[in-house]
Structure formats: structure tokens, C-alpha cells
$ cat work12.tsv   # TSV, C-alpha atoms and all ligand atoms
chain	number	residue	atom	x	y	z
J	1	MET	CA	21.84	-51.60	-117.88
J	2	SER	CA	21.86	-53.03	-114.38
J	3	PRO	CA	19.28	-55.29	-112.78
J	4	PRO	CA	17.10	-53.94	-109.98
J	5	ARG	CA	18.58	-54.49	-106.54
J	6	GLY	CA	17.06	-56.34	-103.62
J	7	ASP	CA	14.86	-58.62	-105.69
J	8	ALA	CA	16.22	-62.14	-105.66
J	9	VAL	CA	13.93	-63.37	-108.42
J	10	SER	CA	14.46	-60.57	-110.90
J	11	GLU	CA	16.43	-61.23	-114.01
J	12	THR	CA	17.81	-59.21	-116.82
J	13	ILE	CA	16.39	-59.98	-120.21
J	14	LEU	CA	17.39	-58.91	-123.65
J	15	LYS	CA	14.58	-58.30	-126.11
J	16	ILE	CA	15.47	-58.38	-129.76
J	17	LEU	CA	12.78	-57.23	-132.14
J	18	LEU	CA	12.47	-59.43	-135.16
J	19	SER	CA	12.61	-56.29	-137.31
J	20	GLU	CA	16.09	-55.67	-135.85
J	21	LEU	CA	17.33	-59.13	-136.78
J	22	ALA	CA	19.97	-58.45	-139.40
J	23	SER	CA	22.02	-61.60	-139.86
J	24	VAL	CA	22.30	-65.20	-138.83
J	25	ARG	CA	25.71	-66.29	-137.58
J	26	LEU	CA	26.83	-69.82	-138.32
J	27	THR	CA	29.86	-71.11	-136.44
J	28	CYS	CA	31.45	-74.22	-137.92
J	29	GLN	CA	31.59	-76.98	-135.32
J	30	ARG	CA	34.63	-78.45	-137.02
J	31	CYS	CA	36.99	-75.47	-137.45
J	32	LYS	CA	35.12	-72.72	-135.53
J	33	ALA	CA	35.14	-70.35	-138.51
J	34	VAL	CA	32.17	-68.00	-138.65
J	35	ALA	CA	29.88	-67.18	-141.55
J	36	GLU	CA	27.34	-64.40	-141.21
J	37	VAL	CA	24.44	-64.40	-143.63
J	38	PRO	CA	22.02	-61.46	-143.86
J	39	ILE	CA	18.53	-62.67	-143.02
J	40	ASP	CA	17.21	-61.26	-146.31
J	41	VAL	CA	19.75	-63.30	-148.26
J	42	LEU	CA	19.16	-66.47	-146.28
J	43	GLY	CA	15.99	-67.40	-148.15
J	44	ASP	CA	17.36	-66.47	-151.56
J	45	ARG	CA	20.25	-68.93	-151.48
J	46	LYS	CA	20.47	-71.27	-154.41
J	47	GLN	CA	22.90	-73.57	-152.64
J	48	GLY	CA	24.19	-74.46	-149.18
J	49	ILE	CA	26.30	-72.17	-147.05
J	50	THR	CA	29.97	-73.04	-147.23
J	51	CYS	CA	32.29	-72.65	-144.24
J	52	PRO	CA	34.88	-69.96	-145.01
J	53	GLY	CA	37.46	-71.92	-142.99
J	54	CYS	CA	37.30	-75.55	-144.06
J	55	GLY	CA	34.79	-75.57	-146.89
J	56	ALA	CA	32.25	-77.73	-145.09
J	57	VAL	CA	28.72	-77.21	-146.41
J	58	ALA	CA	26.13	-76.35	-143.80
J	59	SER	CA	23.52	-79.05	-144.20
J	60	VAL	CA	20.40	-78.26	-142.26
J	61	GLY	CA	17.87	-80.21	-144.24
J	62	GLY	CA	17.71	-83.60	-145.79
J	63	ARG	CA	16.66	-85.06	-149.10
J	64	HIS	CA	13.07	-85.24	-147.89
J	65	GLN	CA	13.19	-82.46	-145.31
J	66	PRO	CA	12.87	-78.73	-145.89
J	67	ASP	CA	16.01	-76.69	-145.40
J	68	ALA	CA	15.74	-75.30	-141.87
J	69	LEU	CA	17.54	-72.08	-142.81
J	70	ASP	CA	15.05	-71.52	-145.63
J	71	ALA	CA	12.24	-72.11	-143.15
J	72	LEU	CA	13.80	-69.62	-140.72
J	73	ALA	CA	14.09	-67.00	-143.46
J	74	GLU	CA	10.50	-67.56	-144.52
J	75	ALA	CA	9.28	-67.33	-140.91
J	76	ALA	CA	11.22	-64.11	-140.34
J	77	LYS	CA	9.84	-62.59	-143.52
J	78	GLY	CA	6.28	-63.57	-142.60
J	79	LEU	CA	6.54	-62.33	-139.03
J	80	LYS	CA	8.02	-58.98	-140.13
J	81	GLN	CA	4.83	-58.47	-142.16
J	82	PHE	CA	2.65	-59.48	-139.21
J	83	ARG	CA	0.31	-56.53	-138.73
J	84	GLY	CA	-0.79	-55.35	-135.32
J	85	PHE	CA	2.02	-56.86	-133.27
J	86	ASP	CA	5.78	-56.59	-133.08
J	87	VAL	CA	7.52	-59.90	-132.58
J	88	ALA	CA	10.59	-60.06	-130.35
J	89	PHE	CA	12.96	-62.75	-129.14
J	90	VAL	CA	13.48	-62.68	-125.37
J	91	VAL	CA	16.90	-63.78	-124.15
J	92	PRO	CA	17.60	-64.13	-120.41
J	93	VAL	CA	20.95	-62.65	-119.51
J	94	PRO	CA	22.77	-64.53	-116.74
J	95	ALA	CA	23.49	-62.36	-113.71
J	96	PRO	CA	27.18	-61.55	-113.34
J	97	ALA	CA	28.97	-63.70	-110.76
J	98	LYS	CA	29.47	-61.95	-107.43
G	1	ZN	ZN	34.75	-75.10	-140.96
$ encode --input "work12.tsv" --output "C-alpha cells" --more "lines below"
Ligand SMILES: [Zn+2]
Amino acid sequence: MSPPRGDAVSETILKILLSELASVRLTCQRCKAVAEVPIDVLGDRKQGITCPGCGAVASVGGRHQPDALDALAEAAKGLKQFRGFDVAFVVPVPAPAK
């Protein structure tokens, strides 16, 4: 896909339908190892996500805060059942350097 020519303000965007969202990728900031968790599994976790590289536990909530990954999974589930509209994420794609 190439952007239209001759329009200085146009941009390329990537639209990702929520229904196409398959997994969430977590990259460990310490060792850079990657864990991919299917979105359907994300909300069914009984415990934290452990880094496959160094064993660090992804901690995205606190003692008195909801787990943000649980909240994301719940939101995705709810929005997939949202009748009448499809929900998409819109991601601007930087133009290639000339
Ligand atoms: Zn790690």
C-alpha cells in the first residue's frame, strides 16, 4: 500500500479491527524477551505473566488497583460484543524517509 502522491498532508494509517486483535505482546524492559498472550486468555489468568527470559513478573496493577491487563481483556471482550458498530484501532504509519 502506498500513500497518495502530491498531497503533503496525507498520511498512511493502519486500521486494526478489534475483532482481529489476537494477542497482546509484552516485551520485558529488563531482558527484552517477548511473551505473547492471546487476548482471550488474558482475562482468564489466575496469576501474573512471567517473563520467559528472566522470570520477572509483569506487574500492571497494585494492591488496591485493578490489574490493567485484566481491564484490557474485559474492555476487548465488551467491545467485541458491541452491537451496531465495529471498533478499530487507528495507527498512523510514518512516511518512509526520502
Ligand atoms: Zn525479562
$ residues_near_ligand --input "work12.tsv" --ligand "ligand ZN 1 (chain G)" --cutoff "12 Å" --atoms "all atoms listed in the file" --output "PyMOL selection string"
chain J and resi 26-35+49-58
$ residues_around --input "work12.tsv" --residues "Lys15 of chain J" --least-positions-apart "6" --cutoff "9 Å" --atoms "all atoms listed in the file" --output "list in words"
Ala88, Phe89, Val90, Val91 and Pro92 of chain J
$ closest_residue --input "work12.tsv" --among "J:Asp86, J:Ile13, J:Val37, J:Leu72" --to "Arg25 of chain J" --atoms "all atoms listed in the file"
J:Val37
$ atom_distance --input "work12.tsv" --atom1 "atom CA of Pro66 of chain J" --atom2 "atom CA of Leu79 of chain J"
18.9 Å
$ closest_residue --input "work12.tsv" --among "J:Ser23, J:Leu18, J:Gly48, J:Val41" --to "Phe85 of chain J" --atoms "only C-alpha atoms"
J:Leu18
$ residues_near_point --input "work12.tsv" --point "(22.5, -59.1, -139.8)" --cutoff "7 Å" --atoms "all atoms listed in the file" --output "PDB file with C-alpha atoms, keeping the file's coordinate frame"
ATOM      1  CA  LEU J  21      17.330 -59.130-136.780  1.00  0.00           C
ATOM      2  CA  ALA J  22      19.970 -58.450-139.400  1.00  0.00           C
ATOM      3  CA  SER J  23      22.020 -61.600-139.860  1.00  0.00           C
ATOM      4  CA  VAL J  24      22.300 -65.200-138.830  1.00  0.00           C
ATOM      5  CA  VAL J  37      24.440 -64.400-143.630  1.00  0.00           C
ATOM      6  CA  PRO J  38      22.020 -61.460-143.860  1.00  0.00           C
ATOM      7  CA  ILE J  39      18.530 -62.670-143.020  1.00  0.00           C
TER       8      ILE J  39
END
$ closest_residue --input "work12.tsv" --among "J:Ala68, J:Ser10, J:Ile16, J:Ala73" --to "Asp40 of chain J" --atoms "all atoms listed in the file"
J:Ala73
$ atom_distance --input "work12.tsv" --atom1 "atom CA of Leu14 of chain J" --atom2 "atom CA of Ala95 of chain J"
12.2 Å
$ atom_distance --input "work12.tsv" --atom1 "atom CA of Pro96 of chain J" --atom2 "atom CA of Thr12 of chain J"
10.3 Å
$ decode --input "work12.tsv" --residues "segment 39-76 of chain J" --atoms "N, CA and C atoms" --output "mmCIF file, in the first residue's frame"
data_model
loop_
_atom_site.group_PDB
_atom_site.id
_atom_site.type_symbol
_atom_site.label_atom_id
_atom_site.label_comp_id
_atom_site.auth_asym_id
_atom_site.auth_seq_id
_atom_site.Cartn_x
_atom_site.Cartn_y
_atom_site.Cartn_z
ATOM 1 N N ILE J 39 -5.505 -12.734 23.521
ATOM 2 C CA ILE J 39 -6.393 -11.792 24.205
ATOM 3 C C ILE J 39 -7.474 -12.533 24.990
ATOM 4 N N ASP J 40 -7.898 -13.691 24.485
ATOM 5 C CA ASP J 40 -8.942 -14.448 25.185
ATOM 6 C C ASP J 40 -8.432 -15.064 26.486
ATOM 7 N N VAL J 41 -7.132 -15.299 26.537
ATOM 8 C CA VAL J 41 -6.528 -15.900 27.734
ATOM 9 C C VAL J 41 -6.193 -14.829 28.765
ATOM 10 N N LEU J 42 -5.982 -13.622 28.268
ATOM 11 C CA LEU J 42 -5.507 -12.530 29.116
ATOM 12 C C LEU J 42 -6.376 -12.331 30.356
ATOM 13 N N GLY J 43 -7.705 -12.395 30.163
ATOM 14 C CA GLY J 43 -8.604 -12.148 31.278
ATOM 15 C C GLY J 43 -8.833 -13.364 32.157
ATOM 16 N N ASP J 44 -8.371 -14.530 31.705
ATOM 17 C CA ASP J 44 -8.599 -15.758 32.460
ATOM 18 C C ASP J 44 -7.397 -16.148 33.315
ATOM 19 N N ARG J 45 -6.373 -15.278 33.316
ATOM 20 C CA ARG J 45 -5.169 -15.603 34.085
ATOM 21 C C ARG J 45 -5.491 -15.673 35.572
ATOM 22 N N LYS J 46 -4.874 -16.610 36.226
ATOM 23 C CA LYS J 46 -5.033 -16.690 37.677
ATOM 24 C C LYS J 46 -3.847 -16.016 38.374
ATOM 25 N N GLN J 47 -2.789 -15.775 37.616
ATOM 26 C CA GLN J 47 -1.607 -15.158 38.205
ATOM 27 C C GLN J 47 -0.945 -14.256 37.178
ATOM 28 N N GLY J 48 0.116 -13.570 37.584
ATOM 29 C CA GLY J 48 0.802 -12.631 36.711
ATOM 30 C C GLY J 48 1.472 -13.328 35.546
ATOM 31 N N ILE J 49 1.857 -12.554 34.577
ATOM 32 C CA ILE J 49 2.565 -13.078 33.414
ATOM 33 C C ILE J 49 4.051 -13.034 33.727
ATOM 34 N N THR J 50 4.711 -14.170 33.518
ATOM 35 C CA THR J 50 6.124 -14.267 33.849
ATOM 36 C C THR J 50 6.969 -14.145 32.594
ATOM 37 N N CYS J 51 8.023 -13.340 32.661
ATOM 38 C CA CYS J 51 8.931 -13.172 31.528
ATOM 39 C C CYS J 51 9.612 -14.504 31.224
ATOM 40 N N PRO J 52 9.568 -14.937 29.950
ATOM 41 C CA PRO J 52 10.213 -16.204 29.602
ATOM 42 C C PRO J 52 11.741 -16.115 29.629
ATOM 43 N N GLY J 53 12.275 -14.895 29.698
ATOM 44 C CA GLY J 53 13.731 -14.733 29.697
ATOM 45 C C GLY J 53 14.318 -14.702 31.092
ATOM 46 N N CYS J 54 13.822 -13.804 31.927
ATOM 47 C CA CYS J 54 14.450 -13.596 33.236
ATOM 48 C C CYS J 54 13.537 -13.935 34.404
ATOM 49 N N GLY J 55 12.282 -14.276 34.107
ATOM 50 C CA GLY J 55 11.393 -14.680 35.190
ATOM 51 C C GLY J 55 10.709 -13.536 35.902
ATOM 52 N N ALA J 56 10.945 -12.305 35.444
ATOM 53 C CA ALA J 56 10.273 -11.168 36.074
ATOM 54 C C ALA J 56 8.767 -11.316 35.889
ATOM 55 N N VAL J 57 8.003 -10.909 36.880
ATOM 56 C CA VAL J 57 6.542 -10.980 36.797
ATOM 57 C C VAL J 57 6.016 -9.623 36.355
ATOM 58 N N ALA J 58 5.242 -9.646 35.278
ATOM 59 C CA ALA J 58 4.636 -8.410 34.794
ATOM 60 C C ALA J 58 3.634 -7.936 35.829
ATOM 61 N N SER J 59 3.894 -6.786 36.391
ATOM 62 C CA SER J 59 3.024 -6.241 37.430
ATOM 63 C C SER J 59 2.394 -4.975 36.889
ATOM 64 N N VAL J 60 1.132 -5.055 36.577
ATOM 65 C CA VAL J 60 0.476 -3.911 35.946
ATOM 66 C C VAL J 60 -0.682 -3.407 36.784
ATOM 67 N N GLY J 61 -0.754 -3.866 37.993
ATOM 68 C CA GLY J 61 -1.745 -3.355 38.925
ATOM 69 C C GLY J 61 -1.060 -3.202 40.269
ATOM 70 N N GLY J 62 -1.799 -2.803 41.228
ATOM 71 C CA GLY J 62 -1.239 -2.695 42.566
ATOM 72 C C GLY J 62 -2.175 -3.369 43.532
ATOM 73 N N ARG J 63 -1.810 -3.360 44.797
ATOM 74 C CA ARG J 63 -2.633 -3.999 45.807
ATOM 75 C C ARG J 63 -4.057 -3.453 45.781
ATOM 76 N N HIS J 64 -4.180 -2.150 45.554
ATOM 77 C CA HIS J 64 -5.504 -1.524 45.574
ATOM 78 C C HIS J 64 -5.935 -1.028 44.192
ATOM 79 N N GLN J 65 -5.209 -1.475 43.161
ATOM 80 C CA GLN J 65 -5.565 -1.071 41.803
ATOM 81 C C GLN J 65 -5.956 -2.309 41.012
ATOM 82 N N PRO J 66 -6.895 -2.171 40.090
ATOM 83 C CA PRO J 66 -7.206 -3.312 39.222
ATOM 84 C C PRO J 66 -6.029 -3.607 38.304
ATOM 85 N N ASP J 67 -5.915 -4.872 37.937
ATOM 86 C CA ASP J 67 -4.872 -5.284 37.008
ATOM 87 C C ASP J 67 -5.205 -4.706 35.631
ATOM 88 N N ALA J 68 -4.313 -3.913 35.075
ATOM 89 C CA ALA J 68 -4.586 -3.236 33.808
ATOM 90 C C ALA J 68 -4.761 -4.230 32.659
ATOM 91 N N LEU J 69 -4.071 -5.366 32.701
ATOM 92 C CA LEU J 69 -4.238 -6.357 31.640
ATOM 93 C C LEU J 69 -5.618 -7.018 31.736
ATOM 94 N N ASP J 70 -6.092 -7.233 32.963
ATOM 95 C CA ASP J 70 -7.452 -7.743 33.127
ATOM 96 C C ASP J 70 -8.461 -6.748 32.562
ATOM 97 N N ALA J 71 -8.212 -5.461 32.862
ATOM 98 C CA ALA J 71 -9.127 -4.420 32.384
ATOM 99 C C ALA J 71 -9.123 -4.364 30.859
ATOM 100 N N LEU J 72 -7.945 -4.520 30.261
ATOM 101 C CA LEU J 72 -7.840 -4.520 28.797
ATOM 102 C C LEU J 72 -8.618 -5.696 28.207
ATOM 103 N N ALA J 73 -8.460 -6.863 28.815
ATOM 104 C CA ALA J 73 -9.163 -8.057 28.327
ATOM 105 C C ALA J 73 -10.672 -7.878 28.439
ATOM 106 N N GLU J 74 -11.111 -7.325 29.562
ATOM 107 C CA GLU J 74 -12.539 -7.090 29.755
ATOM 108 C C GLU J 74 -13.075 -6.092 28.732
ATOM 109 N N ALA J 75 -12.305 -5.015 28.502
ATOM 110 C CA ALA J 75 -12.724 -4.000 27.535
ATOM 111 C C ALA J 75 -12.812 -4.603 26.136
ATOM 112 N N ALA J 76 -11.829 -5.417 25.770
ATOM 113 C CA ALA J 76 -11.830 -6.031 24.443
ATOM 114 C C ALA J 76 -13.032 -6.948 24.287
#
